[in-house]
Every structure is written in structure tokens, then in C-alpha cells.
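Here's the structure we're looking at; comments come further down.
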Amino acid sequence: MKSSLSLCVALAISLEIILVAGYPVGPNNEEYVLVNNKCQCVTVTSKFVPSKENPDEEVLERNIRILVPLKARENISDPLSPLRTTFVYRLSELCKNCEPKEIELGGAIHQAQQGNSCEEPQTCYTYDRDVCYSSPVPLLHHGEVQQVPAALTPASCFAE
């Protein structure tokens with residue numbers, strides 16, 4: 001798995017799809033967050049550290065932190081679905097940026113995206129706090145059972 005991940009990182013770097021700009025973790029910390037995907041529980045950071053071979057030289061160190069959620073369901077909105085046993089992480093998908101940007105080409109403004117597969121839905125291993133998830137719940141009302149949607153992530157389902 002380690003060699004597979006290294007190959008994935010090398011391929012992503014050679015295809016220039018790694019995000020080159022990040023943001024610092026803290027004001028005095030030199031570590032930069034390149035990817036923070038809360039939906040798939042992955043954080044990729046980078047920082048310069050002294051080289052082990054030559055302490056006068058700094059090398060770029062990248063850290064990939066993957067949290068595997070325990071008791072995650074195949075369908076996260078259905079608490080009765082089977083437990084998820086397979087987790088697939090593709091660095092190129094984590095690093096894609098589907099936010100459209102305005103660029104100027106030949107004197108005209110155009111919309112452009114850095115990602116090329118933005119139409120495909122993202123597989124989520126846990127709740128993305130920015131997305132509203134709901135699940136039907138049986139509710140007994142006037143002697144009749146009705147299925148009513150209940151918010152699983154209330155903060156993102158209801159406007160303040």
C-alpha cells in the first residue's frame with residue numbers, strides 16, 4: 001500500500017495536478033494544508049524540514065493523514081445499511097478543484113475549472129458538514145404511521 005501511495009503521489013506530481021498553493025495551519029507554523037477533505041477524512045499537508053543528509057539544506061515533506069471512520073455505513077443516510085469495509089482514496093480526486101475561476105484570455109473573460117471529472121459524485125465516508133443529510137423516520141400521528149424525513153446534519157439542513 002505504501003508503494004502504491006508513493007506511485008500515486010509521483011503520478012499526480014508528474015501530471016501537475018497537486019495543488020501548489022495551500023494555507024498555513026497556524027500563524028507561526030510553517031506547515032501548509034494542501035487538501036482538507038472532510039467528506040473522505042483526508043488531510044494532506046506540506047512543510048520544509050532540515051534534510052537528514054545535509055542539515056544546512058531544507059527538503060519538502062508531505063504528510064497524508066487518513067482517518068478511517070469506524071462503523072461507517074455503505075449508505076451514510078441509512079443507519080440500517082451494512083458497514084463499509086472498503087475505502088478507496090485517489091489522490092488525484094482529492095486534489096481536484098472544481099470551483100470555477102474567471103481567467104482572461106485574448107481580452108475576454110472565461111470560466112475555467114482545474115478539475116476534469118467534476119460531474120461525478122464524490123463518495124463520502126462520513127458526513128460532510130456542508131451537506132444536508134436526512135433519513136426517513138416513522139412517526140405515529142393520529143393513529144397513523146408516516147415516514148417523515150429527519151435531519152442527520154441539522155446545522156446544514158436549516159437556515160439560521
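Chain identifiers are assigned as A, B, and so on, following the order in which chains appear in the C-alpha cells; residues are numbered from 1 within each chain, and ligands are numbered from 1 in order of appearance.
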
Write down as a PyMOL selection string the residues belonging to segment 18-95 of chain A that are assigned helix (DSSP H, G or I) by DSSP computed on the backbone.
-> chain A and resi 91-94

Per residue of segment 25-105 of chain A within 10 Å of segment 119-142 of chain A, note the shortest atom pair and the distance in Å to one decimal, counting only C-alpha atoms, and order the rows by chain and increasing residue number, as a tab-separated table.
residue	atom	partner	partner_atom	distance
A:Asn37	CA	A:Asp128	CA	8.8
A:Lys38	CA	A:Asp128	CA	6.0
A:Cys39	CA	A:Asp128	CA	4.7
A:Gln40	CA	A:Tyr125	CA	5.3
A:Cys41	CA	A:Tyr125	CA	7.4
A:Leu67	CA	A:Tyr125	CA	9.8
A:Val68	CA	A:Tyr125	CA	8.2
A:Pro69	CA	A:Thr126	CA	7.0
A:Leu70	CA	A:Thr126	CA	9.7
A:Lys71	CA	A:Thr126	CA	9.9
A:Ala72	CA	A:Tyr125	CA	6.5
A:Arg73	CA	A:Tyr125	CA	7.8
A:Glu74	CA	A:Tyr125	CA	8.1
A:Asn75	CA	A:Tyr125	CA	8.8
A:Ile76	CA	A:Thr126	CA	6.7
A:Ser77	CA	A:Ser135	CA	5.6
A:Asp78	CA	A:Ser135	CA	6.3
A:Pro79	CA	A:Ser135	CA	8.4
A:Arg84	CA	A:Tyr125	CA	8.3
A:Thr86	CA	A:Tyr125	CA	9.9
A:Phe87	CA	A:Tyr125	CA	7.8
A:Val88	CA	A:Thr123	CA	8.9
A:Tyr89	CA	A:Thr123	CA	9.7
A:Glu93	CA	A:Gln122	CA	8.7
A:Leu94	CA	A:Gln122	CA	9.5
A:Cys98	CA	A:Glu119	CA	9.2

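Nearest to Gln111 of chain A of all the residues A:Gln146, A:Arg90, A:Glu30, A:Glu99 is A:Glu99, based on only C-alpha atoms.
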
Could you pull out the strand (DSSP E or B) residues of segment 93-132 of chain A from DSSP and send them as a ChimeraX atom specification?
-> /A:101-105,108-112

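Atom CA of Val35 of chain A to atom CA of Cys118 of chain A spans 16.3 Å [interatomic distance, one decimal].
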
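Using only C-alpha atoms, the contacts of Ile64 of chain A at a cut-off of 7 Å, with sequence neighbours closer than 2 positions omitted, comprise Thr43, Val44, Thr45, Arg62 and Ile66 of chain A.
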
Give me a file of those residues, with all heavy atoms, as a PDB file, in the first residue's frame.
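After the write, part_23.pdb holds the following:
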ATOM      1  N   THR A  43      -6.442  14.601   5.105  1.00  0.00           N
ATOM      2  CA  THR A  43      -5.743  15.882   5.155  1.00  0.00           C
ATOM      3  C   THR A  43      -4.339  15.671   4.608  1.00  0.00           C
ATOM      4  O   THR A  43      -3.640  14.752   5.031  1.00  0.00           O
ATOM      5  CB  THR A  43      -5.660  16.419   6.599  1.00  0.00           C
ATOM      6  OG1 THR A  43      -6.973  16.477   7.136  1.00  0.00           O
ATOM      7  CG2 THR A  43      -5.040  17.795   6.640  1.00  0.00           C
ATOM      8  N   VAL A  44      -3.940  16.520   3.660  1.00  0.00           N
ATOM      9  CA  VAL A  44      -2.591  16.469   3.095  1.00  0.00           C
ATOM     10  C   VAL A  44      -1.917  17.781   3.441  1.00  0.00           C
ATOM     11  O   VAL A  44      -2.449  18.852   3.142  1.00  0.00           O
ATOM     12  CB  VAL A  44      -2.616  16.265   1.562  1.00  0.00           C
ATOM     13  CG1 VAL A  44      -1.202  16.226   1.002  1.00  0.00           C
ATOM     14  CG2 VAL A  44      -3.371  14.999   1.195  1.00  0.00           C
ATOM     15  N   THR A  45      -0.758  17.709   4.107  1.00  0.00           N
ATOM     16  CA  THR A  45      -0.023  18.915   4.493  1.00  0.00           C
ATOM     17  C   THR A  45       1.403  18.836   3.952  1.00  0.00           C
ATOM     18  O   THR A  45       1.887  17.757   3.600  1.00  0.00           O
ATOM     19  CB  THR A  45       0.040  19.078   6.028  1.00  0.00           C
ATOM     20  OG1 THR A  45       0.687  17.934   6.592  1.00  0.00           O
ATOM     21  CG2 THR A  45      -1.345  19.220   6.626  1.00  0.00           C
ATOM     22  N   ARG A  62       5.857  15.973   2.810  1.00  0.00           N
ATOM     23  CA  ARG A  62       4.402  15.931   2.689  1.00  0.00           C
ATOM     24  C   ARG A  62       3.870  14.867   3.620  1.00  0.00           C
ATOM     25  O   ARG A  62       4.417  13.777   3.720  1.00  0.00           O
ATOM     26  CB  ARG A  62       3.995  15.609   1.259  1.00  0.00           C
ATOM     27  CG  ARG A  62       4.316  16.724   0.309  1.00  0.00           C
ATOM     28  CD  ARG A  62       3.099  17.138  -0.473  1.00  0.00           C
ATOM     29  NE  ARG A  62       3.359  18.377  -1.170  1.00  0.00           N
ATOM     30  CZ  ARG A  62       3.574  18.470  -2.453  1.00  0.00           C
ATOM     31  NH1 ARG A  62       3.560  17.398  -3.187  1.00  0.00           N
ATOM     32  NH2 ARG A  62       3.791  19.632  -2.999  1.00  0.00           N
ATOM     33  N   ILE A  66      -4.979  10.004   6.914  1.00  0.00           N
ATOM     34  CA  ILE A  66      -6.244   9.389   6.534  1.00  0.00           C
ATOM     35  C   ILE A  66      -6.894   8.823   7.791  1.00  0.00           C
ATOM     36  O   ILE A  66      -6.299   8.006   8.486  1.00  0.00           O
ATOM     37  CB  ILE A  66      -6.036   8.258   5.505  1.00  0.00           C
ATOM     38  CG1 ILE A  66      -5.403   8.804   4.233  1.00  0.00           C
ATOM     39  CG2 ILE A  66      -7.357   7.570   5.190  1.00  0.00           C
ATOM     40  CD1 ILE A  66      -5.033   7.748   3.223  1.00  0.00           C
TER      41      ILE A  66
END

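When only C-alpha atoms are used to compute distances to Arg65 of chain A, the closest of the residues A:Ile109, A:Leu80, A:Val49, A:Val42 turns out to be A:Val42.
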
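If you look at atom CA of Ser46 of chain A and atom CA of Val33 of chain A, they are 6.6 Å away from each other.
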